[in-house]
There are 2 protein chains.
Amino acid sequence: MANRNLKENKDTEKLILDAAREVFIRKGFDGARMQEIADEAGINKALLHYYFRSKQKLFDTIFLEAFKDFWPSIESSTNNGKGTVKDLIKSAVDAYMDLLLKMPFLPSFVVGEINRSPERIQELLQASGIRPDFVLEVIKRGIEKREVIAIDPRDLIINIVGLSLFPFISRPVLSRMFFASEEEYMEFLASRRNSVYEFVCRSVLVEYQS
Amino acid sequence: MANRNLKENKDTEKLILDAAREVFIRKGFDGARMQEIADEAGINKALLHYYFRSKQKLFDTIFLEAFKDFWPSIESSTNNGKGTVKDLIKSAVDAYMDLLLKMPFLPSFVVGEINRSPERIQELLQASGIRPDFVLEVIKRGIEKREVIAIDPRDLIINIVGLSLFPFISRPVLSRMFFASEEEYMEFLASRRNSVYEFVCRSVLVEYQS
DNA sequence: GTCTATACGGTGATAGAC
DNA sequence: GTCTATCACCGTATAGAC
């Protein structure tokens, strides 16, 4: 029956994508094995090639999806450019924390693969539809309104993102260096939702009282 | 002649290590090919296995060396625990900038490989002899002396390191997103030697005038 | 120490039955 | 759509001559 085939079709495709995401994110493109993805999905290698022509195509699908997640919906919180920078900082840090506490390995994956083939960035940025202009605009206005000190808006954005992502990217090292257990480190990461926010506000907001 | 053999020996080993460093850092363990390392060194594959038993052993040598670089000699600048936190911030940022402007791909390499085999962190930290205690101590004293606001010393360290490393780790993306050319981005990176320093000082030093 | 030649296992991809 | 069987290739590692 056509209906059943369609349903099976979608189920299998989702099975494959879930498995591929898991394996690619953990091992990277070079380290991932089609066999392992097939096992994880509970099917066989041949079927992978039936749905996606090659390892590369399958990987591209996963990677674009992961890349899009990387610029969380901060824009919406900018209130069409009318919001304050203080709000922007809060919602950016929150957005990253929400994302990363759920998918802690996402940043190392994206960063690692991008460094292995930087040529593709151009098309990736285009395909992902990421546009930093809104955020830059909000910051510029904040500076004009004397809400924020004079600072290169790009510095501010990069600092916010960096402070949010870095502890996840370097998790294995930092965890071992400064903490007794993984659980303790997870608590620490969660606490940074506030501490990063305050750290940035103290540095760039003209008037800020914690 | 024994002397000549010895000399050749050291030269070849260095040739191999230089080539391996180059290839491993760019491609990672999984992406690197022994053939490519041999070509880069101007020798053949068999000789690689003669000097280092396996790809893994060769990699381990390179990786430990890279890992050690990751905790630059900040300790020395702490003046045996008598220096100020302000000085600590400055020398930490400077140390990372000096290192990274010379070896921009080091952080992505270390971070990527660590995430692929986190089990080895323990021995790596031990073998590298990295000890964050000194730095933590300096910060604690800074807080007691009211030079620094009340802050988790681990947060402060991680923030300093993160702000220094992140723009290098995410270089391909950030470069494309915010800058017109690689050269422009390099200038931006260099300028962060000051802007990161000031960003941190404004946030955590009790009295700070730029 | 350095080379050429080769063994050996694994990996992406396809053919073809059901 | 899904499977089994198989191919063609590549990459690490070793053997053995010089």
# chains A, B, ... in the order shown; residues from 1 in each chain; ligands from 1
>>> residues_around(residues="B:Lys140", least_positions_apart="2", cutoff="12 Å", atoms="only C-alpha atoms (C1' of nucleotides)", output="PDB file with all heavy atoms, in the first residue's frame")
ATOM      1  N   GLY B  81      53.252  34.172  43.272  1.00  0.00           N
ATOM      2  CA  GLY B  81      52.035  34.407  44.041  1.00  0.00           C
ATOM      3  C   GLY B  81      51.948  35.788  44.663  1.00  0.00           C
ATOM      4  O   GLY B  81      51.016  36.085  45.396  1.00  0.00           O
ATOM      5  N   LYS B  82      52.936  36.664  44.358  1.00  0.00           N
ATOM      6  CA  LYS B  82      52.896  37.991  44.967  1.00  0.00           C
ATOM      7  C   LYS B  82      52.412  39.073  44.006  1.00  0.00           C
ATOM      8  O   LYS B  82      52.212  40.222  44.398  1.00  0.00           O
ATOM      9  CB  LYS B  82      54.300  38.372  45.484  1.00  0.00           C
ATOM     10  CG  LYS B  82      54.959  37.298  46.313  1.00  0.00           C
ATOM     11  CD  LYS B  82      55.377  37.822  47.665  1.00  0.00           C
ATOM     12  CE  LYS B  82      56.160  36.752  48.448  1.00  0.00           C
ATOM     13  NZ  LYS B  82      55.403  36.137  49.521  1.00  0.00           N
ATOM     14  N   GLY B  83      52.239  38.713  42.742  1.00  0.00           N
ATOM     15  CA  GLY B  83      51.805  39.692  41.747  1.00  0.00           C
ATOM     16  C   GLY B  83      50.336  40.057  41.886  1.00  0.00           C
ATOM     17  O   GLY B  83      49.586  39.398  42.596  1.00  0.00           O
ATOM     18  N   THR B  84      49.927  41.104  41.182  1.00  0.00           N
ATOM     19  CA  THR B  84      48.521  41.504  41.210  1.00  0.00           C
ATOM     20  C   THR B  84      47.740  40.720  40.166  1.00  0.00           C
ATOM     21  O   THR B  84      48.300  40.163  39.222  1.00  0.00           O
ATOM     22  CB  THR B  84      48.374  43.003  40.907  1.00  0.00           C
ATOM     23  OG1 THR B  84      48.786  43.231  39.549  1.00  0.00           O
ATOM     24  CG2 THR B  84      49.207  43.845  41.846  1.00  0.00           C
ATOM     25  N   VAL B  85      46.429  40.717  40.326  1.00  0.00           N
ATOM     26  CA  VAL B  85      45.576  40.053  39.348  1.00  0.00           C
ATOM     27  C   VAL B  85      45.605  40.825  38.027  1.00  0.00           C
ATOM     28  O   VAL B  85      45.552  40.240  36.950  1.00  0.00           O
ATOM     29  CB  VAL B  85      44.138  39.932  39.875  1.00  0.00           C
ATOM     30  CG1 VAL B  85      43.211  39.404  38.805  1.00  0.00           C
ATOM     31  CG2 VAL B  85      44.100  39.029  41.092  1.00  0.00           C
ATOM     32  N   ASP B 133      47.089  25.676  40.214  1.00  0.00           N
ATOM     33  CA  ASP B 133      46.960  26.110  41.611  1.00  0.00           C
ATOM     34  C   ASP B 133      47.514  27.508  41.843  1.00  0.00           C
ATOM     35  O   ASP B 133      46.913  28.334  42.532  1.00  0.00           O
ATOM     36  CB  ASP B 133      47.666  25.125  42.547  1.00  0.00           C
ATOM     37  CG  ASP B 133      47.213  23.699  42.278  1.00  0.00           C
ATOM     38  OD1 ASP B 133      46.723  23.471  41.165  1.00  0.00           O
ATOM     39  OD2 ASP B 133      47.365  22.845  43.155  1.00  0.00           O
ATOM     40  N   PHE B 134      48.685  27.766  41.261  1.00  0.00           N
ATOM     41  CA  PHE B 134      49.315  29.072  41.457  1.00  0.00           C
ATOM     42  C   PHE B 134      48.373  30.198  41.042  1.00  0.00           C
ATOM     43  O   PHE B 134      48.148  31.158  41.788  1.00  0.00           O
ATOM     44  CB  PHE B 134      50.605  29.178  40.629  1.00  0.00           C
ATOM     45  CG  PHE B 134      51.813  28.709  41.359  1.00  0.00           C
ATOM     46  CD1 PHE B 134      52.526  27.603  40.913  1.00  0.00           C
ATOM     47  CD2 PHE B 134      52.249  29.378  42.505  1.00  0.00           C
ATOM     48  CE1 PHE B 134      53.653  27.170  41.602  1.00  0.00           C
ATOM     49  CE2 PHE B 134      53.379  28.943  43.193  1.00  0.00           C
ATOM     50  CZ  PHE B 134      54.077  27.829  42.744  1.00  0.00           C
ATOM     51  N   VAL B 135      47.832  30.057  39.867  1.00  0.00           N
ATOM     52  CA  VAL B 135      46.973  31.104  39.332  1.00  0.00           C
ATOM     53  C   VAL B 135      45.728  31.280  40.203  1.00  0.00           C
ATOM     54  O   VAL B 135      45.326  32.400  40.523  1.00  0.00           O
ATOM     55  CB  VAL B 135      46.571  30.783  37.880  1.00  0.00           C
ATOM     56  CG1 VAL B 135      45.722  31.895  37.312  1.00  0.00           C
ATOM     57  CG2 VAL B 135      47.818  30.589  37.036  1.00  0.00           C
ATOM     58  N   LEU B 136      45.130  30.177  40.584  1.00  0.00           N
ATOM     59  CA  LEU B 136      43.960  30.241  41.463  1.00  0.00           C
ATOM     60  C   LEU B 136      44.302  30.992  42.748  1.00  0.00           C
ATOM     61  O   LEU B 136      43.525  31.811  43.245  1.00  0.00           O
ATOM     62  CB  LEU B 136      43.478  28.821  41.803  1.00  0.00           C
ATOM     63  CG  LEU B 136      42.704  28.087  40.699  1.00  0.00           C
ATOM     64  CD1 LEU B 136      42.457  26.636  41.090  1.00  0.00           C
ATOM     65  CD2 LEU B 136      41.379  28.779  40.415  1.00  0.00           C
ATOM     66  N   GLU B 137      45.494  30.712  43.259  1.00  0.00           N
ATOM     67  CA  GLU B 137      45.928  31.337  44.517  1.00  0.00           C
ATOM     68  C   GLU B 137      46.042  32.856  44.369  1.00  0.00           C
ATOM     69  O   GLU B 137      45.598  33.621  45.236  1.00  0.00           O
ATOM     70  CB  GLU B 137      47.272  30.724  44.927  1.00  0.00           C
ATOM     71  CG  GLU B 137      47.635  30.962  46.375  1.00  0.00           C
ATOM     72  CD  GLU B 137      46.505  30.551  47.310  1.00  0.00           C
ATOM     73  OE1 GLU B 137      45.879  29.483  47.098  1.00  0.00           O
ATOM     74  OE2 GLU B 137      46.228  31.331  48.248  1.00  0.00           O
ATOM     75  N   VAL B 138      46.640  33.281  43.279  1.00  0.00           N
ATOM     76  CA  VAL B 138      46.799  34.720  43.031  1.00  0.00           C
ATOM     77  C   VAL B 138      45.439  35.415  43.007  1.00  0.00           C
ATOM     78  O   VAL B 138      45.260  36.492  43.592  1.00  0.00           O
ATOM     79  CB  VAL B 138      47.539  34.969  41.696  1.00  0.00           C
ATOM     80  CG1 VAL B 138      47.539  36.454  41.349  1.00  0.00           C
ATOM     81  CG2 VAL B 138      48.956  34.447  41.774  1.00  0.00           C
ATOM     82  N   GLY B 142      43.841  38.242  45.466  1.00  0.00           N
ATOM     83  CA  GLY B 142      43.344  39.492  44.891  1.00  0.00           C
ATOM     84  C   GLY B 142      41.954  39.825  45.422  1.00  0.00           C
ATOM     85  O   GLY B 142      41.622  40.994  45.644  1.00  0.00           O
ATOM     86  N   ILE B 143      41.148  38.805  45.608  1.00  0.00           N
ATOM     87  CA  ILE B 143      39.798  39.027  46.138  1.00  0.00           C
ATOM     88  C   ILE B 143      39.859  39.463  47.601  1.00  0.00           C
ATOM     89  O   ILE B 143      39.179  40.403  48.024  1.00  0.00           O
ATOM     90  CB  ILE B 143      38.945  37.738  45.996  1.00  0.00           C
ATOM     91  CG1 ILE B 143      38.757  37.395  44.515  1.00  0.00           C
ATOM     92  CG2 ILE B 143      37.599  37.911  46.673  1.00  0.00           C
ATOM     93  CD1 ILE B 143      38.069  36.071  44.260  1.00  0.00           C
ATOM     94  N   GLU B 144      40.710  38.786  48.363  1.00  0.00           N
ATOM     95  CA  GLU B 144      40.871  39.151  49.783  1.00  0.00           C
ATOM     96  C   GLU B 144      41.351  40.587  49.934  1.00  0.00           C
ATOM     97  O   GLU B 144      40.892  41.320  50.809  1.00  0.00           O
ATOM     98  CB  GLU B 144      41.884  38.209  50.452  1.00  0.00           C
ATOM     99  CG  GLU B 144      41.346  36.809  50.711  1.00  0.00           C
ATOM    100  CD  GLU B 144      42.450  35.837  51.107  1.00  0.00           C
ATOM    101  OE1 GLU B 144      43.583  36.304  51.393  1.00  0.00           O
ATOM    102  OE2 GLU B 144      42.183  34.616  51.110  1.00  0.00           O
ATOM    103  N   LYS B 145      42.264  40.975  49.068  1.00  0.00           N
ATOM    104  CA  LYS B 145      42.831  42.326  49.160  1.00  0.00           C
ATOM    105  C   LYS B 145      41.922  43.378  48.541  1.00  0.00           C
ATOM    106  O   LYS B 145      42.314  44.532  48.392  1.00  0.00           O
ATOM    107  CB  LYS B 145      44.202  42.368  48.459  1.00  0.00           C
ATOM    108  CG  LYS B 145      45.294  41.606  49.163  1.00  0.00           C
ATOM    109  CD  LYS B 145      46.641  41.863  48.504  1.00  0.00           C
ATOM    110  CE  LYS B 145      46.670  41.350  47.069  1.00  0.00           C
ATOM    111  NZ  LYS B 145      47.963  41.556  46.401  1.00  0.00           N
ATOM    112  N   ARG B 146      40.746  42.951  48.100  1.00  0.00           N
ATOM    113  CA  ARG B 146      39.781  43.868  47.487  1.00  0.00           C
ATOM    114  C   ARG B 146      40.311  44.510  46.198  1.00  0.00           C
ATOM    115  O   ARG B 146      39.870  45.587  45.810  1.00  0.00           O
ATOM    116  CB  ARG B 146      39.381  44.986  48.468  1.00  0.00           C
ATOM    117  CG  ARG B 146      38.736  44.499  49.747  1.00  0.00           C
ATOM    118  CD  ARG B 146      37.282  44.126  49.501  1.00  0.00           C
ATOM    119  NE  ARG B 146      36.564  43.850  50.747  1.00  0.00           N
ATOM    120  CZ  ARG B 146      36.558  42.651  51.349  1.00  0.00           C
ATOM    121  NH1 ARG B 146      37.213  41.639  50.813  1.00  0.00           N
ATOM    122  NH2 ARG B 146      35.891  42.471  52.465  1.00  0.00           N
ATOM    123  N   GLU B 147      41.262  43.816  45.559  1.00  0.00           N
ATOM    124  CA  GLU B 147      41.679  44.294  44.239  1.00  0.00           C
ATOM    125  C   GLU B 147      40.641  43.854  43.208  1.00  0.00           C
ATOM    126  O   GLU B 147      40.375  44.555  42.230  1.00  0.00           O
ATOM    127  CB  GLU B 147      43.059  43.707  43.859  1.00  0.00           C
ATOM    128  CG  GLU B 147      43.575  44.211  42.512  1.00  0.00           C
ATOM    129  CD  GLU B 147      44.614  43.278  41.869  1.00  0.00           C
ATOM    130  OE1 GLU B 147      44.963  42.260  42.492  1.00  0.00           O
ATOM    131  OE2 GLU B 147      45.048  43.583  40.743  1.00  0.00           O
ATOM    132  N   VAL B 148      40.062  42.683  43.481  1.00  0.00           N
ATOM    133  CA  VAL B 148      39.124  42.063  42.546  1.00  0.00           C
ATOM    134  C   VAL B 148      37.779  41.870  43.245  1.00  0.00           C
ATOM    135  O   VAL B 148      37.732  41.624  44.450  1.00  0.00           O
ATOM    136  CB  VAL B 148      39.668  40.692  42.091  1.00  0.00           C
ATOM    137  CG1 VAL B 148      38.707  40.014  41.133  1.00  0.00           C
ATOM    138  CG2 VAL B 148      41.036  40.853  41.470  1.00  0.00           C
ATOM    139  N   ILE B 149      36.708  41.993  42.484  1.00  0.00           N
ATOM    140  CA  ILE B 149      35.381  41.760  43.053  1.00  0.00           C
ATOM    141  C   ILE B 149      35.224  40.287  43.429  1.00  0.00           C
ATOM    142  O   ILE B 149      36.017  39.452  43.014  1.00  0.00           O
ATOM    143  CB  ILE B 149      34.264  42.120  42.042  1.00  0.00           C
ATOM    144  CG1 ILE B 149      34.327  41.152  40.849  1.00  0.00           C
ATOM    145  CG2 ILE B 149      34.393  43.556  41.588  1.00  0.00           C
ATOM    146  CD1 ILE B 149      33.114  41.195  39.985  1.00  0.00           C
ATOM    147  N   ALA B 150      34.202  39.998  44.205  1.00  0.00           N
ATOM    148  CA  ALA B 150      33.945  38.609  44.576  1.00  0.00           C
ATOM    149  C   ALA B 150      33.522  37.829  43.336  1.00  0.00           C
ATOM    150  O   ALA B 150      32.495  38.122  42.720  1.00  0.00           O
ATOM    151  CB  ALA B 150      32.859  38.543  45.644  1.00  0.00           C
ATOM    152  N   ILE B 151      34.318  36.856  42.958  1.00  0.00           N
ATOM    153  CA  ILE B 151      34.033  36.061  41.750  1.00  0.00           C
ATOM    154  C   ILE B 151      34.664  34.692  41.933  1.00  0.00           C
ATOM    155  O   ILE B 151      35.685  34.554  42.614  1.00  0.00           O
ATOM    156  CB  ILE B 151      34.602  36.752  40.486  1.00  0.00           C
ATOM    157  CG1 ILE B 151      34.166  36.016  39.214  1.00  0.00           C
ATOM    158  CG2 ILE B 151      36.111  36.842  40.554  1.00  0.00           C
ATOM    159  CD1 ILE B 151      34.609  36.691  37.935  1.00  0.00           C
ATOM    160  N   ASP B 152      34.036  33.677  41.358  1.00  0.00           N
ATOM    161  CA  ASP B 152      34.634  32.344  41.385  1.00  0.00           C
ATOM    162  C   ASP B 152      35.917  32.387  40.566  1.00  0.00           C
ATOM    163  O   ASP B 152      35.876  32.669  39.364  1.00  0.00           O
ATOM    164  CB  ASP B 152      33.648  31.330  40.781  1.00  0.00           C
ATOM    165  CG  ASP B 152      34.156  29.898  40.885  1.00  0.00           C
ATOM    166  OD1 ASP B 152      35.389  29.694  40.902  1.00  0.00           O
ATOM    167  OD2 ASP B 152      33.324  28.973  40.957  1.00  0.00           O
ATOM    168  N   PRO B 153      37.070  32.131  41.189  1.00  0.00           N
ATOM    169  CA  PRO B 153      38.349  32.210  40.475  1.00  0.00           C
ATOM    170  C   PRO B 153      38.360  31.359  39.206  1.00  0.00           C
ATOM    171  O   PRO B 153      38.986  31.736  38.201  1.00  0.00           O
ATOM    172  CB  PRO B 153      39.356  31.660  41.493  1.00  0.00           C
ATOM    173  CG  PRO B 153      38.741  31.899  42.813  1.00  0.00           C
ATOM    174  CD  PRO B 153      37.256  31.758  42.607  1.00  0.00           C
ATOM    175  N   ARG B 154      37.658  30.244  39.243  1.00  0.00           N
ATOM    176  CA  ARG B 154      37.609  29.387  38.062  1.00  0.00           C
ATOM    177  C   ARG B 154      36.884  30.080  36.915  1.00  0.00           C
ATOM    178  O   ARG B 154      37.280  29.977  35.749  1.00  0.00           O
ATOM    179  CB  ARG B 154      36.934  28.061  38.415  1.00  0.00           C
ATOM    180  CG  ARG B 154      37.707  27.270  39.463  1.00  0.00           C
ATOM    181  CD  ARG B 154      36.898  26.116  39.988  1.00  0.00           C
ATOM    182  NE  ARG B 154      35.654  26.549  40.631  1.00  0.00           N
ATOM    183  CZ  ARG B 154      34.845  25.740  41.312  1.00  0.00           C
ATOM    184  NH1 ARG B 154      35.182  24.460  41.457  1.00  0.00           N
ATOM    185  NH2 ARG B 154      33.745  26.196  41.857  1.00  0.00           N
ATOM    186  N   LEU B 156      36.833  33.258  36.410  1.00  0.00           N
ATOM    187  CA  LEU B 156      37.725  34.287  35.861  1.00  0.00           C
ATOM    188  C   LEU B 156      38.769  33.700  34.931  1.00  0.00           C
ATOM    189  O   LEU B 156      38.976  34.184  33.808  1.00  0.00           O
ATOM    190  CB  LEU B 156      38.399  35.053  37.010  1.00  0.00           C
ATOM    191  CG  LEU B 156      39.379  36.142  36.576  1.00  0.00           C
ATOM    192  CD1 LEU B 156      38.771  37.079  35.547  1.00  0.00           C
ATOM    193  CD2 LEU B 156      39.873  36.933  37.790  1.00  0.00           C
ATOM    194  N   ILE B 157      39.404  32.615  35.371  1.00  0.00           N
ATOM    195  CA  ILE B 157      40.418  31.977  34.520  1.00  0.00           C
ATOM    196  C   ILE B 157      39.812  31.514  33.210  1.00  0.00           C
ATOM    197  O   ILE B 157      40.333  31.787  32.116  1.00  0.00           O
ATOM    198  CB  ILE B 157      41.049  30.765  35.239  1.00  0.00           C
ATOM    199  CG1 ILE B 157      41.857  31.226  36.443  1.00  0.00           C
ATOM    200  CG2 ILE B 157      41.943  29.994  34.274  1.00  0.00           C
ATOM    201  CD1 ILE B 157      42.529  30.095  37.181  1.00  0.00           C
TER     202      ILE B 157
END
>>> residues_around(residues="C:DA17", least_positions_apart="5", cutoff="12 Å", atoms="only C-alpha atoms (C1' of nucleotides)", output="PDB file with C-alpha atoms (C1' of nucleotides), in the first residue's frame")
ATOM      1  C1'  DT D   2      15.584  -3.801   2.291  1.00  0.00           C
ATOM      2  C1'  DC D   3      18.774  -7.325   2.317  1.00  0.00           C
ATOM      3  C1'  DT D   4      23.417 -10.276   1.246  1.00  0.00           C
ATOM      4  C1'  DA D   5      27.443 -10.581  -1.277  1.00  0.00           C
TER       5       DA D   5
END
>>> interface_residues(of="chain A", to="chain B", cutoff="6 Å", atoms="only C-alpha atoms", output="list in words")
Asp30, Gly31, Gly112, Gly162, Phe166, Phe199, Arg202 and Ser203 of chain A
>>> interface_residues(of="chain B", to="chain C", cutoff="10 Å", atoms="only C-alpha atoms (C1' of nucleotides)", output="count of residues only")
11
>>> interface_residues(of="chain B", to="chain D", cutoff="10 Å", atoms="only C-alpha atoms (C1' of nucleotides)", output="PyMOL selection string")
chain B and resi 33-35+45-46+49+53-55
>>> decode(residues="chain C", atoms="C-alpha atoms (C1' of nucleotides)", output="compact mmCIF listing (two decimals), in the first residue's frame")
# COMPACT_ATOMS: atom_id res chain seq x y z
C1' DG C 1 69.38 4.25 8.28
C1' DT C 2 66.96 4.24 4.13
C1' DC C 3 64.77 2.30 0.38
C1' DT C 4 61.17 -0.84 -2.60
C1' DA C 5 57.77 -4.20 -2.53
C1' DT C 6 54.07 -6.37 -0.44
C1' DA C 7 50.92 -8.22 2.95
C1' DC C 8 46.64 -7.46 5.24
C1' DG C 9 42.56 -5.46 7.01
C1' DG C 10 39.21 -2.25 6.53
C1' DT C 11 35.91 1.04 4.08
C1' DG C 12 32.87 3.31 0.75
C1' DA C 13 30.15 2.01 -2.74
C1' DT C 14 27.52 -1.07 -6.04
C1' DA C 15 25.01 -5.37 -8.01
C1' DG C 16 21.39 -8.07 -7.74
C1' DA C 17 17.98 -11.14 -5.28
C1' DC C 18 13.71 -10.76 -2.76
